[in-house]
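K.L.:
What follows is the file model_23.pdb, containing PDB, C-alpha atoms:
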```pdb
ATOM      1  CA  MET V   1       0.000   0.000   0.000  1.00  0.00           C
ATOM      2  CA  SER V   2       1.237   3.497  -0.887  1.00  0.00           C
ATOM      3  CA  TYR V   3       0.278   6.674   0.950  1.00  0.00           C
ATOM      4  CA  ASN V   4      -0.688   9.725  -1.135  1.00  0.00           C
ATOM      5  CA  VAL V   5       1.177  12.902  -0.222  1.00  0.00           C
ATOM      6  CA  LEU V   6       0.207  16.475  -1.129  1.00  0.00           C
ATOM      7  CA  ILE V   7       3.062  19.002  -1.113  1.00  0.00           C
ATOM      8  CA  VAL V   8       1.984  22.581  -0.407  1.00  0.00           C
ATOM      9  CA  GLU V   9       4.957  24.856  -1.067  1.00  0.00           C
ATOM     10  CA  ASP V  10       5.280  28.115  -3.055  1.00  0.00           C
ATOM     11  CA  ASP V  11       9.026  27.741  -3.715  1.00  0.00           C
ATOM     12  CA  PRO V  12       9.426  25.458  -6.783  1.00  0.00           C
ATOM     13  CA  MET V  13      12.930  24.372  -5.765  1.00  0.00           C
ATOM     14  CA  VAL V  14      11.866  23.368  -2.253  1.00  0.00           C
ATOM     15  CA  ALA V  15       8.795  21.613  -3.662  1.00  0.00           C
ATOM     16  CA  MET V  16      11.042  19.624  -6.009  1.00  0.00           C
ATOM     17  CA  ILE V  17      13.354  18.595  -3.157  1.00  0.00           C
ATOM     18  CA  ASN V  18      10.381  17.535  -1.035  1.00  0.00           C
ATOM     19  CA  SER V  19       9.046  15.502  -3.969  1.00  0.00           C
ATOM     20  CA  GLN V  20      12.419  13.790  -4.405  1.00  0.00           C
ATOM     21  CA  TYR V  21      12.561  12.972  -0.691  1.00  0.00           C
ATOM     22  CA  VAL V  22       9.049  11.484  -0.764  1.00  0.00           C
ATOM     23  CA  ALA V  23       9.983   9.392  -3.811  1.00  0.00           C
ATOM     24  CA  LYS V  24      12.886   7.823  -1.898  1.00  0.00           C
ATOM     25  CA  ASN V  25      10.453   6.095   0.450  1.00  0.00           C
ATOM     26  CA  PRO V  26       8.662   3.309  -1.449  1.00  0.00           C
ATOM     27  CA  ASP V  27       5.610   3.517   0.847  1.00  0.00           C
ATOM     28  CA  PHE V  28       4.764   7.054  -0.316  1.00  0.00           C
ATOM     29  CA  VAL V  29       3.841   8.740  -3.607  1.00  0.00           C
ATOM     30  CA  VAL V  30       3.358  12.422  -4.457  1.00  0.00           C
ATOM     31  CA  ALA V  31      -0.306  12.952  -5.304  1.00  0.00           C
ATOM     32  CA  GLY V  32       0.078  16.610  -6.180  1.00  0.00           C
ATOM     33  CA  ASN V  33       1.796  19.957  -5.653  1.00  0.00           C
ATOM     34  CA  CYS V  34       0.052  23.195  -4.670  1.00  0.00           C
ATOM     35  CA  ARG V  35       1.612  26.664  -4.406  1.00  0.00           C
ATOM     36  CA  ASN V  36      -0.755  28.113  -1.808  1.00  0.00           C
ATOM     37  CA  GLY V  37      -3.304  27.092   0.777  1.00  0.00           C
ATOM     38  CA  GLN V  38      -6.362  27.857  -1.335  1.00  0.00           C
ATOM     39  CA  GLU V  39      -5.140  25.512  -4.074  1.00  0.00           C
ATOM     40  CA  ALA V  40      -4.476  22.892  -1.410  1.00  0.00           C
ATOM     41  CA  ILE V  41      -7.993  23.094   0.043  1.00  0.00           C
ATOM     42  CA  THR V  42      -9.502  22.690  -3.433  1.00  0.00           C
ATOM     43  CA  PHE V  43      -7.212  19.736  -4.164  1.00  0.00           C
ATOM     44  CA  LEU V  44      -8.069  18.039  -0.863  1.00  0.00           C
ATOM     45  CA  GLN V  45     -11.798  18.387  -1.514  1.00  0.00           C
ATOM     46  CA  GLU V  46     -11.446  16.720  -4.909  1.00  0.00           C
ATOM     47  CA  ASN V  47      -8.768  14.070  -4.292  1.00  0.00           C
ATOM     48  CA  SER V  48      -7.905  11.338  -1.812  1.00  0.00           C
ATOM     49  CA  VAL V  49      -4.817  12.314   0.213  1.00  0.00           C
ATOM     50  CA  ASP V  50      -3.286  10.679   3.281  1.00  0.00           C
ATOM     51  CA  LEU V  51      -0.613  13.210   4.228  1.00  0.00           C
ATOM     52  CA  VAL V  52       0.005  16.918   3.608  1.00  0.00           C
ATOM     53  CA  LEU V  53       3.457  18.520   3.725  1.00  0.00           C
ATOM     54  CA  LEU V  54       2.571  22.128   4.489  1.00  0.00           C
ATOM     55  CA  ASP V  55       4.661  25.313   4.373  1.00  0.00           C
ATOM     56  CA  VAL V  56       3.745  28.331   6.534  1.00  0.00           C
ATOM     57  CA  TYR V  57       4.887  31.355   4.492  1.00  0.00           C
ATOM     58  CA  MET V  58       2.734  31.322   1.332  1.00  0.00           C
ATOM     59  CA  PRO V  59       0.651  33.820  -0.649  1.00  0.00           C
ATOM     60  CA  VAL V  60      -3.180  33.830  -0.744  1.00  0.00           C
ATOM     61  CA  MET V  61      -3.504  31.636   2.361  1.00  0.00           C
ATOM     62  CA  THR V  62      -0.742  30.884   4.848  1.00  0.00           C
ATOM     63  CA  GLY V  63       0.016  27.403   6.084  1.00  0.00           C
ATOM     64  CA  THR V  64      -1.488  28.139   9.493  1.00  0.00           C
ATOM     65  CA  GLU V  65      -4.685  29.421   7.882  1.00  0.00           C
ATOM     66  CA  THR V  66      -4.735  26.371   5.624  1.00  0.00           C
ATOM     67  CA  LEU V  67      -4.363  24.023   8.585  1.00  0.00           C
ATOM     68  CA  LYS V  68      -7.246  25.759  10.383  1.00  0.00           C
ATOM     69  CA  LYS V  69      -9.400  25.392   7.253  1.00  0.00           C
ATOM     70  CA  ILE V  70      -8.524  21.688   6.938  1.00  0.00           C
ATOM     71  CA  ARG V  71      -9.666  21.134  10.540  1.00  0.00           C
ATOM     72  CA  GLU V  72     -12.762  23.319  10.056  1.00  0.00           C
ATOM     73  CA  LEU V  73     -13.809  21.274   7.009  1.00  0.00           C
ATOM     74  CA  LYS V  74     -13.025  18.040   8.888  1.00  0.00           C
ATOM     75  CA  ILE V  75     -10.817  16.760   6.072  1.00  0.00           C
ATOM     76  CA  ALA V  76      -9.371  13.460   7.293  1.00  0.00           C
ATOM     77  CA  VAL V  77      -5.685  13.985   6.566  1.00  0.00           C
ATOM     78  CA  GLU V  78      -2.474  14.103   8.598  1.00  0.00           C
ATOM     79  CA  VAL V  79      -0.309  17.216   8.320  1.00  0.00           C
ATOM     80  CA  ILE V  80       3.440  17.702   8.685  1.00  0.00           C
ATOM     81  CA  MET V  81       4.680  21.286   8.715  1.00  0.00           C
ATOM     82  CA  VAL V  82       7.748  21.753   6.474  1.00  0.00           C
ATOM     83  CA  THR V  83       8.760  25.356   6.921  1.00  0.00           C
ATOM     84  CA  ALA V  84      11.338  27.984   7.850  1.00  0.00           C
ATOM     85  CA  ALA V  85       8.956  29.362  10.485  1.00  0.00           C
ATOM     86  CA  ASN V  86      10.659  28.704  13.811  1.00  0.00           C
ATOM     87  CA  ASP V  87       8.905  31.181  16.106  1.00  0.00           C
ATOM     88  CA  THR V  88       7.285  29.753  19.205  1.00  0.00           C
ATOM     89  CA  GLN V  89       3.848  31.157  18.436  1.00  0.00           C
ATOM     90  CA  THR V  90       3.584  29.432  15.044  1.00  0.00           C
ATOM     91  CA  ILE V  91       4.928  26.140  16.355  1.00  0.00           C
ATOM     92  CA  GLU V  92       2.588  26.192  19.357  1.00  0.00           C
ATOM     93  CA  GLU V  93      -0.429  27.090  17.233  1.00  0.00           C
ATOM     94  CA  THR V  94       0.152  24.322  14.682  1.00  0.00           C
ATOM     95  CA  VAL V  95       0.832  21.768  17.413  1.00  0.00           C
ATOM     96  CA  HIS V  96      -2.503  22.708  18.999  1.00  0.00           C
ATOM     97  CA  LEU V  97      -4.103  22.124  15.596  1.00  0.00           C
ATOM     98  CA  GLY V  98      -2.806  18.564  15.596  1.00  0.00           C
ATOM     99  CA  VAL V  99       0.196  18.412  13.264  1.00  0.00           C
ATOM    100  CA  LEU V 100       1.957  15.063  13.220  1.00  0.00           C
ATOM    101  CA  ASP V 101       5.429  16.620  13.023  1.00  0.00           C
ATOM    102  CA  TYR V 102       7.191  19.940  12.453  1.00  0.00           C
ATOM    103  CA  LEU V 103      10.289  20.191  10.226  1.00  0.00           C
ATOM    104  CA  ILE V 104      12.295  23.417  10.264  1.00  0.00           C
ATOM    105  CA  LYS V 105      14.190  24.201   7.053  1.00  0.00           C
ATOM    106  CA  PRO V 106      16.875  23.310   6.227  1.00  0.00           C
ATOM    107  CA  PHE V 107      16.733  19.617   7.091  1.00  0.00           C
ATOM    108  CA  ASN V 108      18.265  16.443   5.670  1.00  0.00           C
ATOM    109  CA  PHE V 109      16.573  13.416   4.168  1.00  0.00           C
ATOM    110  CA  GLU V 110      17.126  11.306   7.272  1.00  0.00           C
ATOM    111  CA  ARG V 111      15.077  13.687   9.429  1.00  0.00           C
ATOM    112  CA  PHE V 112      12.460  14.045   6.681  1.00  0.00           C
ATOM    113  CA  ASN V 113      12.136  10.278   6.410  1.00  0.00           C
ATOM    114  CA  VAL V 114      11.656   9.966  10.179  1.00  0.00           C
ATOM    115  CA  SER V 115       8.466  12.010   9.750  1.00  0.00           C
ATOM    116  CA  LEU V 116       7.234   9.703   6.999  1.00  0.00           C
ATOM    117  CA  GLU V 117       7.996   6.609   9.078  1.00  0.00           C
ATOM    118  CA  LYS V 118       6.241   8.144  12.073  1.00  0.00           C
ATOM    119  CA  PHE V 119       3.152   8.617   9.890  1.00  0.00           C
ATOM    120  CA  ALA V 120       3.374   5.028   8.562  1.00  0.00           C
ATOM    121  CA  ALA V 121       3.731   3.608  12.077  1.00  0.00           C
ATOM    122  CA  LYS V 122       0.677   5.526  13.284  1.00  0.00           C
ATOM    123  CA  LYS V 123      -1.443   4.390  10.334  1.00  0.00           C
ATOM    124  CA  SER V 124      -0.324   0.801  10.821  1.00  0.00           C
ATOM    125  CA  LEU V 125      -1.212   0.818  14.507  1.00  0.00           C
ATOM    126  CA  LEU V 126      -4.637   2.306  13.814  1.00  0.00           C
ATOM    127  CA  LYS V 127      -5.314  -0.214  11.040  1.00  0.00           C
ATOM    128  CA  GLU V 128      -4.303  -3.185  13.183  1.00  0.00           C
ATOM    129  CA  ASN V 129      -6.422  -2.005  16.130  1.00  0.00           C
ATOM    130  CA  PRO V 130      -9.937  -0.847  15.123  1.00  0.00           C
ATOM    131  CA  VAL V 131     -10.787  -0.836  18.847  1.00  0.00           C
ATOM    132  CA  MET V 132      -8.089   0.301  21.248  1.00  0.00           C
ATOM    133  CA  ASP V 133      -7.364  -0.491  24.851  1.00  0.00           C
ATOM    134  CA  GLN V 134      -5.126   1.618  27.081  1.00  0.00           C
ATOM    135  CA  ASN V 135      -1.966  -0.186  25.948  1.00  0.00           C
ATOM    136  CA  CYS V 136      -2.727   0.647  22.302  1.00  0.00           C
ATOM    137  CA  VAL V 137      -3.353   4.296  23.118  1.00  0.00           C
ATOM    138  CA  ASP V 138      -0.158   4.463  25.155  1.00  0.00           C
ATOM    139  CA  SER V 139       1.774   2.909  22.276  1.00  0.00           C
ATOM    140  CA  LEU V 140       0.237   5.337  19.770  1.00  0.00           C
ATOM    141  CA  ILE V 141       1.083   8.401  21.839  1.00  0.00           C
ATOM    142  CA  SER V 142       4.523   7.235  22.918  1.00  0.00           C
ATOM    143  CA  ASN V 143       5.474   6.365  19.335  1.00  0.00           C
ATOM    144  CA  SER V 144       4.457   9.844  18.199  1.00  0.00           C
ATOM    145  CA  ALA V 145       6.421  11.501  20.973  1.00  0.00           C
ATOM    146  CA  ALA V 146       9.518   9.318  20.855  1.00  0.00           C
ATOM    147  CA  ALA V 147       9.944   8.541  17.167  1.00  0.00           C
ATOM    148  CA  VAL V 148      12.282  11.431  16.441  1.00  0.00           C
ATOM    149  CA  GLN V 149      14.467  10.866  19.484  1.00  0.00           C
ATOM    150  CA  GLY V 150      14.738   7.154  18.777  1.00  0.00           C
ATOM    151  CA  LYS V 151      15.324   7.252  15.013  1.00  0.00           C
ATOM    152  CA  VAL V 152      17.713  10.143  14.523  1.00  0.00           C
ATOM    153  CA  GLN V 153      20.271   9.076  17.104  1.00  0.00           C
ATOM    154  CA  ASP V 154      23.871   8.946  15.882  1.00  0.00           C
ATOM    155  CA  SER V 155      24.585   5.625  14.191  1.00  0.00           C
ATOM    156  CA  SER V 156      27.897   5.542  16.078  1.00  0.00           C
ATOM    157  CA  SER V 157      25.887   4.380  19.114  1.00  0.00           C
ATOM    158  CA  SER V 158      25.273   1.021  17.453  1.00  0.00           C
ATOM    159  CA  GLU V 159      28.184  -0.709  19.193  1.00  0.00           C
ATOM    160  CA  GLU V 160      28.273  -4.503  19.105  1.00  0.00           C
ATOM    161  CA  ASP V 161      26.533  -6.126  22.045  1.00  0.00           C
ATOM    162  CA  GLY V 162      27.047  -9.637  23.333  1.00  0.00           C
ATOM    163  CA  LYS V 163      24.550 -12.310  22.430  1.00  0.00           C
ATOM    164  CA  LYS V 164      21.439 -12.367  24.570  1.00  0.00           C
ATOM    165  CA  THR V 165      18.603 -14.868  24.484  1.00  0.00           C
ATOM    166  CA  LEU V 166      15.254 -13.179  24.124  1.00  0.00           C
ATOM    167  CA  SER V 167      12.204 -14.501  25.974  1.00  0.00           C
ATOM    168  CA  ILE V 168       9.225 -12.290  25.250  1.00  0.00           C
ATOM    169  CA  ASN V 169       6.875 -14.424  27.335  1.00  0.00           C
ATOM    170  CA  SER V 170       9.178 -14.041  30.324  1.00  0.00           C
ATOM    171  CA  LEU V 171       9.571 -10.301  29.851  1.00  0.00           C
ATOM    172  CA  LEU V 172       5.876  -9.625  29.329  1.00  0.00           C
ATOM    173  CA  GLY V 173       4.675 -12.181  31.871  1.00  0.00           C
ATOM    174  CA  LYS V 174       0.867 -12.344  31.925  1.00  0.00           C
ATOM    175  CA  GLU V 175       0.483  -8.793  30.663  1.00  0.00           C
ATOM    176  CA  THR V 176      -2.576  -8.253  28.489  1.00  0.00           C
ATOM    177  CA  LEU V 177      -1.443  -7.588  24.944  1.00  0.00           C
ATOM    178  CA  PRO V 178      -2.862  -4.690  22.908  1.00  0.00           C
ATOM    179  CA  LYS V 179      -5.497  -5.570  20.335  1.00  0.00           C
ATOM    180  CA  GLY V 180      -3.755  -6.593  17.120  1.00  0.00           C
ATOM    181  CA  ILE V 181      -0.672  -7.918  18.925  1.00  0.00           C
ATOM    182  CA  GLN V 182      -0.738 -11.714  19.097  1.00  0.00           C
ATOM    183  CA  ARG V 183       1.505 -13.788  21.364  1.00  0.00           C
ATOM    184  CA  LYS V 184       1.899 -16.402  18.620  1.00  0.00           C
ATOM    185  CA  THR V 185       3.389 -13.808  16.280  1.00  0.00           C
ATOM    186  CA  LEU V 186       5.595 -12.464  19.068  1.00  0.00           C
ATOM    187  CA  LEU V 187       6.989 -15.969  19.531  1.00  0.00           C
ATOM    188  CA  LEU V 188       7.833 -16.165  15.813  1.00  0.00           C
ATOM    189  CA  ILE V 189       9.700 -12.872  16.102  1.00  0.00           C
ATOM    190  CA  GLU V 190      11.403 -14.084  19.301  1.00  0.00           C
ATOM    191  CA  SER V 191      12.614 -17.230  17.563  1.00  0.00           C
ATOM    192  CA  TYR V 192      14.001 -15.223  14.649  1.00  0.00           C
ATOM    193  CA  LEU V 193      15.790 -12.680  16.847  1.00  0.00           C
ATOM    194  CA  ASN V 194      17.359 -15.434  18.974  1.00  0.00           C
ATOM    195  CA  LYS V 195      18.870 -16.921  15.809  1.00  0.00           C
ATOM    196  CA  ASN V 196      19.825 -13.567  14.294  1.00  0.00           C
ATOM    197  CA  THR V 197      21.350 -11.558  17.110  1.00  0.00           C
ATOM    198  CA  GLU V 198      22.855  -8.744  15.034  1.00  0.00           C
ATOM    199  CA  TRP V 199      20.949  -5.776  13.619  1.00  0.00           C
ATOM    200  CA  ASN V 200      17.904  -6.712  11.514  1.00  0.00           C
ATOM    201  CA  THR V 201      15.616  -4.749   9.200  1.00  0.00           C
ATOM    202  CA  VAL V 202      11.844  -5.084   8.928  1.00  0.00           C
ATOM    203  CA  ASP V 203      12.313  -6.532   5.428  1.00  0.00           C
ATOM    204  CA  MET V 204      14.680  -9.226   6.730  1.00  0.00           C
ATOM    205  CA  ILE V 205      12.259 -10.278   9.474  1.00  0.00           C
ATOM    206  CA  SER V 206       9.281 -10.166   7.114  1.00  0.00           C
ATOM    207  CA  ASP V 207      10.995 -12.403   4.547  1.00  0.00           C
ATOM    208  CA  ALA V 208      12.161 -14.887   7.186  1.00  0.00           C
ATOM    209  CA  ILE V 209       8.895 -15.435   9.077  1.00  0.00           C
ATOM    210  CA  GLY V 210       6.409 -14.823   6.251  1.00  0.00           C
ATOM    211  CA  ILE V 211       4.560 -11.847   7.739  1.00  0.00           C
ATOM    212  CA  SER V 212       3.841  -8.570   5.940  1.00  0.00           C
ATOM    213  CA  ILE V 213       6.225  -5.639   6.338  1.00  0.00           C
ATOM    214  CA  VAL V 214       3.419  -3.473   7.759  1.00  0.00           C
ATOM    215  CA  THR V 215       2.633  -6.094  10.417  1.00  0.00           C
ATOM    216  CA  VAL V 216       6.289  -6.589  11.344  1.00  0.00           C
ATOM    217  CA  ARG V 217       6.731  -2.824  11.692  1.00  0.00           C
ATOM    218  CA  THR V 218       3.774  -2.723  14.096  1.00  0.00           C
ATOM    219  CA  TYR V 219       5.313  -5.458  16.252  1.00  0.00           C
ATOM    220  CA  MET V 220       8.736  -3.837  16.183  1.00  0.00           C
ATOM    221  CA  ASN V 221       7.254  -0.531  17.349  1.00  0.00           C
ATOM    222  CA  TYR V 222       5.468  -2.339  20.169  1.00  0.00           C
ATOM    223  CA  LEU V 223       8.619  -4.192  21.283  1.00  0.00           C
ATOM    224  CA  VAL V 224      10.669  -0.989  21.141  1.00  0.00           C
ATOM    225  CA  GLN V 225       8.036   0.775  23.241  1.00  0.00           C
ATOM    226  CA  LYS V 226       8.253  -2.072  25.781  1.00  0.00           C
ATOM    227  CA  LYS V 227      12.081  -1.730  25.705  1.00  0.00           C
ATOM    228  CA  ILE V 228      12.405  -5.415  24.757  1.00  0.00           C
ATOM    229  CA  ILE V 229      14.291  -4.556  21.580  1.00  0.00           C
ATOM    230  CA  LYS V 230      16.119  -1.409  20.492  1.00  0.00           C
ATOM    231  CA  GLU V 231      16.306   0.423  17.199  1.00  0.00           C
ATOM    232  CA  ASP V 232      18.927   2.355  15.284  1.00  0.00           C
ATOM    233  CA  ILE V 233      19.222   3.788  11.798  1.00  0.00           C
ATOM    234  CA  ASN V 234      21.775   2.922   9.135  1.00  0.00           C
ATOM    235  CA  TYR V 235      22.703   5.936   6.989  1.00  0.00           C
ATOM    236  CA  SER V 236      25.316   4.126   4.883  1.00  0.00           C
ATOM    237  CA  THR V 237      22.959   2.256   2.555  1.00  0.00           C
ATOM    238  CA  GLY V 238      23.660   4.519  -0.425  1.00  0.00           C
ATOM    239  CA  GLY V 239      19.931   5.195  -0.699  1.00  0.00           C
ATOM    240  CA  ARG V 240      17.046   5.151   1.713  1.00  0.00           C
ATOM    241  CA  PRO V 241      18.253   4.892   5.352  1.00  0.00           C
ATOM    242  CA  SER V 242      17.337   1.602   6.993  1.00  0.00           C
ATOM    243  CA  ILE V 243      15.786   1.213  10.442  1.00  0.00           C
ATOM    244  CA  LEU V 244      17.577  -1.572  12.359  1.00  0.00           C
ATOM    245  CA  TYR V 245      16.419  -3.687  15.308  1.00  0.00           C
ATOM    246  CA  LYS V 246      18.071  -6.030  17.779  1.00  0.00           C
ATOM    247  CA  VAL V 247      17.545  -7.431  21.288  1.00  0.00           C
ATOM    248  CA  ASN V 248      17.957  -4.796  23.974  1.00  0.00           C
ATOM    249  CA  LYS V 249      20.889  -5.859  26.131  1.00  0.00           C
TER
END
```
Any chance you could give the structure as structure tokens?

P.N.:
Amino acid sequence: MSYNVLIVEDDPMVAMINSQYVAKNPDFVVAGNCRNGQEAITFLQENSVDLVLLDVYMPVMTGTETLKKIRELKIAVEVIMVTAANDTQTIEETVHLGVLDYLIKPFNFERFNVSLEKFAAKKSLLKENPVMDQNCVDSLISNSAAAVQGKVQDSSSSEEDGKKTLSINSLLGKETLPKGIQRKTLLLIESYLNKNTEWNTVDMISDAIGISIVTVRTYMNYLVQKKIIKEDINYSTGGRPSILYKVNK
């Protein structure tokens, strides 16, 4: 599944860079580009969009005004601010209006991609859990708050750890699992991680145990939130950075 992204940016060069960054993540596609908020509102009313990358300083209608209009019209779309606006008032106002993330220009692809992955993780958790208990809500909120801190840490912190045997049942005990998290699947992941003790990607785990990438990502986020495994990011792939997971020592 690909997520449709609308880029709202009046600077053609910045819009092009944002489009190129989106294209680097295979889970996302650019659905359109708009040069001001009024164009964006019209586009959103006529097209299906999952995520909006929204600038603040634009003619006709500013990004803040556009965000207010999106909420007023109850358009079901997530918004990430991508802007040079770094004043406290603007940041506070957009946060109150429910933005998923706030990127201050200039930024690199790694930080940009963290925002996309944060969006994907949230959508995955919501899809897997049509009804949520407290654990699901806690996971949803903690993932939103901690994603940046966890995923943009310096890759130099990924020192080699000694081998550790993972026992998810032992660590979780009789804890009630969130809806959409099955102990049987956790045991499959446990078995894989015990045999593959170095850093692993979602793709590697998905291929090995025969579960979809989206599902594996959901379980990895849950296990990271429970501090059972840890994550890091590999910037040396030559392309899209890769999120890595291993047993938390």

K.L.:
Determine the nearest neighbour of Lys230 of chain V from the options V:Gln89, V:Thr201, V:Ser2, V:Ser206, counting all atoms listed in the file.

P.N.:
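Looking only at the distances to Lys230 of chain V, the closest residue turns out to be V:Thr201.
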
K.L.:
Could you spell out the hits of the PyMOL selection byres ((chain V and resi 15-27) around 7) on the shown file, as a short mmCIF file (atom, residue, chain, number, x, y, z; two decimals) with C-alpha atoms, keeping the file's coordinate frame?

P.N.:
```
data_model
loop_
_atom_site.label_atom_id
_atom_site.label_comp_id
_atom_site.auth_asym_id
_atom_site.auth_seq_id
_atom_site.Cartn_x
_atom_site.Cartn_y
_atom_site.Cartn_z
CA MET V 1 0.00 0.00 0.00
CA SER V 2 1.24 3.50 -0.89
CA TYR V 3 0.28 6.67 0.95
CA ILE V 7 3.06 19.00 -1.11
CA GLU V 9 4.96 24.86 -1.07
CA ASP V 11 9.03 27.74 -3.72
CA PRO V 12 9.43 25.46 -6.78
CA MET V 13 12.93 24.37 -5.76
CA VAL V 14 11.87 23.37 -2.25
CA PHE V 28 4.76 7.05 -0.32
CA VAL V 29 3.84 8.74 -3.61
CA VAL V 30 3.36 12.42 -4.46
CA PHE V 109 16.57 13.42 4.17
CA ARG V 240 17.05 5.15 1.71
#
```

K.L.:
Specify as a count of residues only each residue included when the PyMOL selection byres ((chain V and resi 60-75) around 8) is applied to this file.

P.N.:
20

K.L.:
Decode the PyMOL selection byres ((chain V and resi 209) around 8) for the given file into explicit residues and return them as a VMD selection string.

P.N.:
chain V and resid 188 to 189 192 205 to 208 210 to 211

K.L.:
If I take atom CA of Val8 of chain V and atom CA of Ala31 of chain V, how far is one from the other in Å, to one decimal?

P.N.:
11.0 Å

K.L.:
With all atoms listed in the file as the basis for distance, which of V:Ala121, V:Leu53, V:Asn33, V:Ala84 is at the shortest distance from Asp101 of chain V?

P.N.:
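Nearest to Asp101 of chain V: V:Leu53.
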
K.L.:
Identify which of the residues V:Lys179, V:Leu223, V:Gly173, V:Asn108 lies closest to Pro130 of chain V, counting all atoms listed in the file when measuring atom-to-atom distances.

P.N.:
V:Lys179

K.L.:
Quick one: of V:Thr176, V:Lys105, V:Lys118, V:Val82, who's nearest to Gln134 of chain V, counting all atoms listed in the file?

P.N.:
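Closest to Gln134 of chain V of all the choices is V:Thr176.
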
K.L.:
Could you check the closest approach to Leu6 of chain V for each of V:Val52, V:Gln225, V:Glu39, V:Glu46 and tell me which residue wins, using all atoms listed in the file?

P.N.:
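For Leu6 of chain V, the nearest of the candidates is V:Val52.
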
K.L.:
Between atom CA of Asp203 of chain V and atom CA of Leu177 of chain V, what distance in Å does the model show, to one decimal?

P.N.:
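Taking atom CA of Asp203 of chain V as the start and atom CA of Leu177 of chain V as the end point, the length is 23.9 Å.
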
K.L.:
Would you mind telling me which residue in V:Ile213, V:Ile104, V:Asn129, V:Val224 lies nearest to Asn86 of chain V when using only C-alpha atoms?

P.N.:
V:Ile104
